[in-house]
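Colleague: Dropping the structure in here first, questions after.
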Amino acid sequence: MKKYFAGLDLGGTFVKGGIVDEQGRILVKDKIPTGKERPFTEIAADMAQLVKDLASRAGLQEGQLAGVGIGSPGLIDAEHGVIVYSNNIRWDNVPLCSAVEERLGLSVCITNDANAAALGEHFCGAGKQFGSMVFITLGTGVGGGIILDGKLFEGNRSAGAEIGHMVIERGGWECTCGRRGCFETYASATGLIRRTREAMQKHADSAMWRIAGGLDAVDGKTAFDGMRAGDAAAKQVVDEYIDYLAEGIINLVNIFRPEAIVLGGGVCAEGETLLAPLREKIVPHLYGGAEYAPVAIVTAGLGNDAGLCGAARLAMTRK
Ligand code: BGC
C-alpha cells in the first residue's frame with residue numbers, strides 16, 4: 001500500500017496543508033485562516049480537521065496516511081512536540097503536537113516553519129541543486145532555514161537560525177520579539193504592508209488608494225501594482241523595501257557564503273520584479289566581490305508550498 005504524509009504549515013495568517021507522496025508530489029492542498037488570537041486548542045482542532053478533509057479529498061484509505069508533520073514559527077522543542085516560544089503567534093510552551101495527535105490518532109512531528117520550508121526546497125524544489133543555501137521566508141515574520149553541506153543547521157537545541165531577529169537598523173521599528181530594528185520588521189510582508197500604508201497616508205493622490213480600495217485591504221502586492229501603474233510613491237515603497245531586504249541578505253551571505261539564497265513567501269510571486277533590483281543591490285556589497293564564490297538569488301521552486309512539503313518530508317524521514 002502506497003504511503004502518504006500530511007504537511008501543515010502554520011503561519012501567522014493562514015494554516016496551509018497538503019497531502020504529499022514519498023516523491024514530494026502534492027496530491028491536494030488547501031489553506032484556512034489561523035485565527036492566531038484564539039486558544040491553541042482551537043487552532044489544533046482546525047489543523048486536525050484540515051488533515052482529515054485533505055485525506056478524504058485525496059481519496060486515501062484507512063492506514064494510508066503514514067504521518068503528519070507541522071512547520072511552526074518560533075522556538076520548537078521537537079522531541080516533546082512543544083512550541084517553547086513564538087513571537088508572532090504569541091505562545092509560550094504550547095504542546096501543539098499532542099493536541100493535534102489526540103484529534104487525529106496519528107503521530108505528529110514538528111519543526112520550525114522556515115526549517116521545514118528549507119527542507120522542502122532542498123528535497124524537491126529550487127534548493128535541490130545547492131549543497132549550501134539560506135532559505136528566507138517573507139511572511140508575517142521573517143524566518144530562516146540554513147542548509148550547510150547538505151544538512152540543516154539549527155543551532156543549540158534547534159533554537160538558532162532566527163535570521164529575522166538580526167538587527168539591521170539600530171533603534172528602528174519595534175519588533176514583536178521585543179527588540180527594535182529587526183530584519184523581520186522591514187523585510188516581512190507585514191513590514192511591506194506597514195510601509196505601503198504609511199506612504200498612502202502621506203500621498204492622498206497615490207494610485208495605491210484605487211488599487212487597494214482602502215488601508216485595510218492593503219497587501220504585499222499593492223505597492224508593486226502601484227509601481228507598475230507608474231505611481232511614484234509606490235515605487236518608493238518598493239525601492240525602500242528592497243533596500244532593507246538587501247541589507248539583511250548581504251549580512252547573511254557574508255556570514256555563510258552559501259551557494260544560494262532562496263526566497264519564499266507571497267511577495268516572491270513578483271519574480272524578477274523583486275529579484276533583479278535585489279541582485280543589483282546585493283552583489284556590489286558582497287565581501288571580496290561576487291566572482292570568487294558566486295551566490296544565486298532565487299525564489300522557492302515550490303512557491304508557497306515549500307513549508308507544507310517540508311513538513312511532510314519531516315514526517316517521512318522521522319526515525
Ligand atoms: C520567528 C521565526 C519564524 C518566522 C517565520 C519569526 O518571527 O521568530 O521562528 O520562523 O517568524 O514565521
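Naming works like this for the C-alpha cells: A, B, ... for the chains as they're shown, residue 1 at the start of each chain, ligands 1 onward in shown order.
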Which chains and residue numbers are within 9 Å of ligand 1, counting only C-alpha atoms and all ligand atoms, if I want them as a count of residues only?
Modeller: 41
Colleague: Using only C-alpha atoms, which protein or nucleic acid residues come within 7 Å of A:Ala300? Drop anything in the same chain fewer than 4 positions from it, and give the result as a list in words.
Modeller: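 In the requested format, the answer is Glu121, Gly125, Ala126, Val262, Leu263 and Gly264 of chain A.
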Colleague: At a cut-off of 10 Å, using only C-alpha atoms, what residues contact A:Gly248? Leave out same-chain residues fewer than 2 positions from it and give the result as a ChimeraX atom specification.
Modeller: /A:163-164,166-168,182-184,186-187,243-246,250-253,282
Colleague: Can you tell me which residues surround stretch 316-318 of chain A at a distance of at most 8 Å, considering only C-alpha atoms, apart from same-chain residues fewer than 4 positions away, and format the answer as a ChimeraX atom specification?
Modeller: /A:5,22,67,109,312
Colleague: Going by DSSP on the backbone, which bits of stretch 72-165 of chain A are strand (DSSP E or B)? Write them as a ChimeraX atom specification, please.
Modeller: /A:72,75-77,82-86,91-94,108-112,133-138,142-148,151-153
Colleague: Which residues are close to A:Gly69, i.e. within 12 Å by only C-alpha atoms, leaving aside same-chain residues fewer than 2 positions away? Reply as a ChimeraX atom specification.
Modeller: /A:4-10,16-20,47-48,51,65-67,71-72,78,81,96-97,100-101,106-113,116-117,119-120,307-318
Colleague: Could you dump the residues just selected with C-alpha atoms as a PDB file, in the first residue's frame?
Modeller:
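Below is the file part12.pdb, written as the result:
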ATOM      1  CA  TYR A   4       1.206   9.395   2.090  1.00  0.00           C
ATOM      2  CA  PHE A   5       2.101  12.173   4.502  1.00  0.00           C
ATOM      3  CA  ALA A   6       0.299  15.310   5.601  1.00  0.00           C
ATOM      4  CA  GLY A   7       2.258  18.548   5.860  1.00  0.00           C
ATOM      5  CA  LEU A   8       0.937  21.539   7.791  1.00  0.00           C
ATOM      6  CA  ASP A   9       2.490  24.981   7.553  1.00  0.00           C
ATOM      7  CA  LEU A  10       1.284  27.064  10.480  1.00  0.00           C
ATOM      8  CA  LYS A  16      -1.607  25.656   4.767  1.00  0.00           C
ATOM      9  CA  GLY A  17      -1.913  21.920   4.475  1.00  0.00           C
ATOM     10  CA  GLY A  18      -1.338  19.246   1.877  1.00  0.00           C
ATOM     11  CA  ILE A  19      -1.121  15.512   1.284  1.00  0.00           C
ATOM     12  CA  VAL A  20       2.262  14.592  -0.142  1.00  0.00           C
ATOM     13  CA  MET A  47      -5.412  21.756  11.900  1.00  0.00           C
ATOM     14  CA  ALA A  48      -6.557  18.194  12.633  1.00  0.00           C
ATOM     15  CA  VAL A  51      -5.773  16.944   7.660  1.00  0.00           C
ATOM     16  CA  LEU A  65      -1.771   8.346   5.922  1.00  0.00           C
ATOM     17  CA  ALA A  66       1.534   7.369   7.485  1.00  0.00           C
ATOM     18  CA  GLY A  67       2.443  10.555   9.340  1.00  0.00           C
ATOM     19  CA  GLY A  71       6.143  23.614  10.468  1.00  0.00           C
ATOM     20  CA  SER A  72       5.521  26.250  13.112  1.00  0.00           C
ATOM     21  CA  ALA A  78      10.808  18.823  18.562  1.00  0.00           C
ATOM     22  CA  GLY A  81       6.334  18.449  20.339  1.00  0.00           C
ATOM     23  CA  LEU A  96       0.723  21.604  19.853  1.00  0.00           C
ATOM     24  CA  CYS A  97       1.739  18.131  18.665  1.00  0.00           C
ATOM     25  CA  VAL A 100      -3.257  17.551  17.075  1.00  0.00           C
ATOM     26  CA  GLU A 101      -2.303  13.898  17.728  1.00  0.00           C
ATOM     27  CA  LEU A 106      -1.747   9.641  14.404  1.00  0.00           C
ATOM     28  CA  SER A 107       1.762  10.615  15.379  1.00  0.00           C
ATOM     29  CA  VAL A 108       2.664  14.205  14.611  1.00  0.00           C
ATOM     30  CA  CYS A 109       6.142  15.731  14.388  1.00  0.00           C
ATOM     31  CA  ILE A 110       7.137  19.373  14.343  1.00  0.00           C
ATOM     32  CA  THR A 111       9.936  21.743  13.383  1.00  0.00           C
ATOM     33  CA  ASN A 112      10.359  25.465  12.845  1.00  0.00           C
ATOM     34  CA  ASP A 113       8.394  26.676   9.789  1.00  0.00           C
ATOM     35  CA  ALA A 116      10.550  22.968   7.192  1.00  0.00           C
ATOM     36  CA  ALA A 117      10.478  25.182   4.108  1.00  0.00           C
ATOM     37  CA  LEU A 119      13.887  21.008   3.955  1.00  0.00           C
ATOM     38  CA  GLY A 120      11.109  21.076   1.359  1.00  0.00           C
ATOM     39  CA  GLY A 307       6.641  24.787   4.054  1.00  0.00           C
ATOM     40  CA  LEU A 308       3.949  22.131   3.790  1.00  0.00           C
ATOM     41  CA  CYS A 309       6.120  19.945   1.581  1.00  0.00           C
ATOM     42  CA  GLY A 310       8.992  20.188   4.039  1.00  0.00           C
ATOM     43  CA  ALA A 311       6.692  19.429   6.975  1.00  0.00           C
ATOM     44  CA  ALA A 312       5.519  16.288   5.142  1.00  0.00           C
ATOM     45  CA  ARG A 313       9.150  15.448   4.376  1.00  0.00           C
ATOM     46  CA  LEU A 314       9.936  15.695   8.083  1.00  0.00           C
ATOM     47  CA  ALA A 315       7.213  13.127   8.795  1.00  0.00           C
ATOM     48  CA  MET A 316       8.659  10.863   6.062  1.00  0.00           C
ATOM     49  CA  THR A 317      12.181  10.928   7.401  1.00  0.00           C
ATOM     50  CA  ARG A 318      11.291  10.730  11.081  1.00  0.00           C
TER      51      ARG A 318
END
Colleague: Compile a residue-level contact table for stretch 122-220 of chain A against stretch 230-236 of chain A at a cut-off of 10 Å, reporting for every qualifying residue the shortest atom pair and its distance in Å to one decimal, with only C-alpha atoms counted, rows ordered by chain and ascending number, as a tab-separated table.
Modeller:
residue	atom	partner	partner_atom	distance
A:Arg195	CA	A:Ala234	CA	9.7
A:Thr196	CA	A:Ala234	CA	7.3
A:Ala199	CA	A:Ala233	CA	6.5
A:Met200	CA	A:Ala233	CA	7.8
A:Lys202	CA	A:Ala233	CA	9.0
A:His203	CA	A:Ala233	CA	7.2
A:Asp205	CA	A:Ala233	CA	9.4
A:Ser206	CA	A:Asp231	CA	6.5
A:Ala207	CA	A:Asp231	CA	6.0
A:Met208	CA	A:Ala234	CA	6.9
Colleague: Could the residues in this selection be written to a file with all heavy atoms, as a PDB file, in the first residue's frame?
Modeller:
ATOM      1  N   ARG A 195       4.778  49.854   5.449  1.00  0.00           N
ATOM      2  CA  ARG A 195       5.399  50.911   4.647  1.00  0.00           C
ATOM      3  C   ARG A 195       4.419  51.426   3.585  1.00  0.00           C
ATOM      4  O   ARG A 195       4.345  52.608   3.299  1.00  0.00           O
ATOM      5  CB  ARG A 195       6.664  50.330   3.993  1.00  0.00           C
ATOM      6  CG  ARG A 195       7.573  51.348   3.369  1.00  0.00           C
ATOM      7  CD  ARG A 195       8.818  50.675   2.808  1.00  0.00           C
ATOM      8  NE  ARG A 195       9.732  50.186   3.832  1.00  0.00           N
ATOM      9  CZ  ARG A 195      10.540  50.970   4.534  1.00  0.00           C
ATOM     10  NH1 ARG A 195      10.557  52.265   4.322  1.00  0.00           N
ATOM     11  NH2 ARG A 195      11.343  50.452   5.443  1.00  0.00           N
ATOM     12  N   THR A 196       3.652  50.488   2.997  1.00  0.00           N
ATOM     13  CA  THR A 196       2.681  50.866   1.954  1.00  0.00           C
ATOM     14  C   THR A 196       1.609  51.782   2.563  1.00  0.00           C
ATOM     15  O   THR A 196       1.273  52.831   1.999  1.00  0.00           O
ATOM     16  CB  THR A 196       2.014  49.600   1.361  1.00  0.00           C
ATOM     17  OG1 THR A 196       3.038  48.708   0.921  1.00  0.00           O
ATOM     18  CG2 THR A 196       1.101  49.940   0.201  1.00  0.00           C
ATOM     19  N   ALA A 199       2.890  55.259   3.273  1.00  0.00           N
ATOM     20  CA  ALA A 199       3.031  56.056   2.032  1.00  0.00           C
ATOM     21  C   ALA A 199       1.665  56.535   1.552  1.00  0.00           C
ATOM     22  O   ALA A 199       1.520  57.670   1.087  1.00  0.00           O
ATOM     23  CB  ALA A 199       3.722  55.223   0.960  1.00  0.00           C
ATOM     24  N   MET A 200       0.655  55.683   1.675  1.00  0.00           N
ATOM     25  CA  MET A 200      -0.690  56.084   1.234  1.00  0.00           C
ATOM     26  C   MET A 200      -1.204  57.241   2.079  1.00  0.00           C
ATOM     27  O   MET A 200      -1.815  58.184   1.571  1.00  0.00           O
ATOM     28  CB  MET A 200      -1.650  54.887   1.319  1.00  0.00           C
ATOM     29  CG  MET A 200      -1.400  53.864   0.220  1.00  0.00           C
ATOM     30  SD  MET A 200      -2.210  52.278   0.544  1.00  0.00           S
ATOM     31  CE  MET A 200      -3.933  52.698   0.380  1.00  0.00           C
ATOM     32  N   LYS A 202       0.536  59.476   3.459  1.00  0.00           N
ATOM     33  CA  LYS A 202       1.269  60.699   3.094  1.00  0.00           C
ATOM     34  C   LYS A 202       0.852  61.217   1.723  1.00  0.00           C
ATOM     35  O   LYS A 202       1.002  62.382   1.418  1.00  0.00           O
ATOM     36  CB  LYS A 202       2.776  60.384   3.062  1.00  0.00           C
ATOM     37  CG  LYS A 202       3.496  60.808   4.323  1.00  0.00           C
ATOM     38  CD  LYS A 202       4.992  60.827   4.112  1.00  0.00           C
ATOM     39  CE  LYS A 202       5.654  59.805   5.022  1.00  0.00           C
ATOM     40  NZ  LYS A 202       6.862  59.213   4.497  1.00  0.00           N
ATOM     41  N   HIS A 203       0.402  60.307   0.837  1.00  0.00           N
ATOM     42  CA  HIS A 203       0.097  60.693  -0.552  1.00  0.00           C
ATOM     43  C   HIS A 203      -1.359  60.360  -0.871  1.00  0.00           C
ATOM     44  O   HIS A 203      -1.661  59.271  -1.358  1.00  0.00           O
ATOM     45  CB  HIS A 203       1.024  59.962  -1.530  1.00  0.00           C
ATOM     46  CG  HIS A 203       2.476  60.222  -1.284  1.00  0.00           C
ATOM     47  ND1 HIS A 203       3.148  61.304  -1.815  1.00  0.00           N
ATOM     48  CD2 HIS A 203       3.380  59.561  -0.523  1.00  0.00           C
ATOM     49  CE1 HIS A 203       4.412  61.294  -1.402  1.00  0.00           C
ATOM     50  NE2 HIS A 203       4.575  60.233  -0.614  1.00  0.00           N
ATOM     51  N   ASP A 205      -3.102  61.258  -3.170  1.00  0.00           N
ATOM     52  CA  ASP A 205      -3.372  61.110  -4.609  1.00  0.00           C
ATOM     53  C   ASP A 205      -2.721  59.838  -5.182  1.00  0.00           C
ATOM     54  O   ASP A 205      -2.761  59.604  -6.389  1.00  0.00           O
ATOM     55  CB  ASP A 205      -2.837  62.340  -5.356  1.00  0.00           C
ATOM     56  CG  ASP A 205      -1.341  62.545  -5.087  1.00  0.00           C
ATOM     57  OD1 ASP A 205      -0.823  61.974  -4.085  1.00  0.00           O
ATOM     58  OD2 ASP A 205      -0.685  63.261  -5.874  1.00  0.00           O
ATOM     59  N   SER A 206      -2.141  59.016  -4.327  1.00  0.00           N
ATOM     60  CA  SER A 206      -1.435  57.831  -4.846  1.00  0.00           C
ATOM     61  C   SER A 206      -2.408  56.824  -5.472  1.00  0.00           C
ATOM     62  O   SER A 206      -3.520  56.598  -4.955  1.00  0.00           O
ATOM     63  CB  SER A 206      -0.677  57.146  -3.708  1.00  0.00           C
ATOM     64  OG  SER A 206      -0.304  55.848  -4.099  1.00  0.00           O
ATOM     65  N   ALA A 207      -1.951  56.204  -6.561  1.00  0.00           N
ATOM     66  CA  ALA A 207      -2.758  55.175  -7.239  1.00  0.00           C
ATOM     67  C   ALA A 207      -3.013  53.977  -6.320  1.00  0.00           C
ATOM     68  O   ALA A 207      -3.923  53.174  -6.563  1.00  0.00           O
ATOM     69  CB  ALA A 207      -2.024  54.703  -8.497  1.00  0.00           C
ATOM     70  N   MET A 208      -2.229  53.873  -5.251  1.00  0.00           N
ATOM     71  CA  MET A 208      -2.378  52.732  -4.335  1.00  0.00           C
ATOM     72  C   MET A 208      -3.750  52.740  -3.653  1.00  0.00           C
ATOM     73  O   MET A 208      -4.271  51.682  -3.314  1.00  0.00           O
ATOM     74  CB  MET A 208      -1.252  52.721  -3.301  1.00  0.00           C
ATOM     75  CG  MET A 208       0.095  52.415  -3.945  1.00  0.00           C
ATOM     76  SD  MET A 208       1.417  52.172  -2.750  1.00  0.00           S
ATOM     77  CE  MET A 208       1.760  53.848  -2.206  1.00  0.00           C
TER      78      MET A 208
END
Colleague: So what do you get for atom CA of A:Ile26 versus atom CA of A:Glu270, distance-wise?
Modeller: 23.1 Å
Colleague: If you count only C-alpha atoms, which residues fall within 9 Å of A:Ala296, apart from same-chain ones fewer than 2 positions away, as a ChimeraX atom specification?
Modeller: /A:258-262,279,294,298
Colleague: Enumerate as a PyMOL selection string all residues of stretch 37-101 of chain A assigned to helix (DSSP H, G or I) by DSSP on the backbone, naming them with the chain letters and numbers the document uses.
Modeller: chain A and resi 40-57+96-101
Colleague: Hey, can you check how far atom CA of A:Asp239 sits from atom CA of A:Ile255?
Modeller: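 If I compute the distance from atom CA of A:Asp239 to atom CA of A:Ile255, I get 24.5 Å.
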Colleague: Which residue gives the smallest distance to A:Ser132 among A:Val15, A:Ile147, A:Ala118, A:Ala217, with only C-alpha atoms counted?
Modeller: A:Ile147
Colleague: Just how far from atom CA of A:Leu286 is atom CA of A:Gly171, in Å to one decimal?
Modeller: 24.9 Å
Colleague: Need to verify the contact set: A:Ile193, 8 Å, only C-alpha atoms, exclusion of same-chain residues closer than 5 positions in sequence. Can you return it as a PyMOL selection string?
Modeller: chain A and resi 218-220
Colleague: Take the residues from that selection and write them out as a short mmCIF file (atom, residue, chain, number, x, y, z; two decimals), in the first residue's frame, keeping N, CA and C atoms.
Modeller:
data_model
loop_
_atom_site.label_atom_id
_atom_site.label_comp_id
_atom_site.auth_asym_id
_atom_site.auth_seq_id
_atom_site.Cartn_x
_atom_site.Cartn_y
_atom_site.Cartn_z
N VAL A 218 -4.93 46.72 2.08
CA VAL A 218 -3.55 46.72 1.54
C VAL A 218 -2.92 45.35 1.76
N ASP A 219 -2.23 44.86 0.75
CA ASP A 219 -1.46 43.62 0.93
C ASP A 219 -0.07 43.79 0.32
N GLY A 220 0.67 42.70 0.28
CA GLY A 220 2.05 42.76 -0.19
C GLY A 220 2.18 43.08 -1.67
#
Colleague: Given only C-alpha atoms as the basis, pick out the residue of A:Thr299, A:Tyr287, A:Arg257, A:Gly213 nearest to A:Glu272.
Modeller: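 Among the listed residues, A:Thr299 lies closest to A:Glu272.
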Colleague: Just checking: using only C-alpha atoms, which residue out of A:Gly63, A:Gly266, A:Gly35, A:Gly105 ends up closest to A:Ala189?
Modeller: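 Ranked by minimum distance to A:Ala189, first place goes to A:Gly266.
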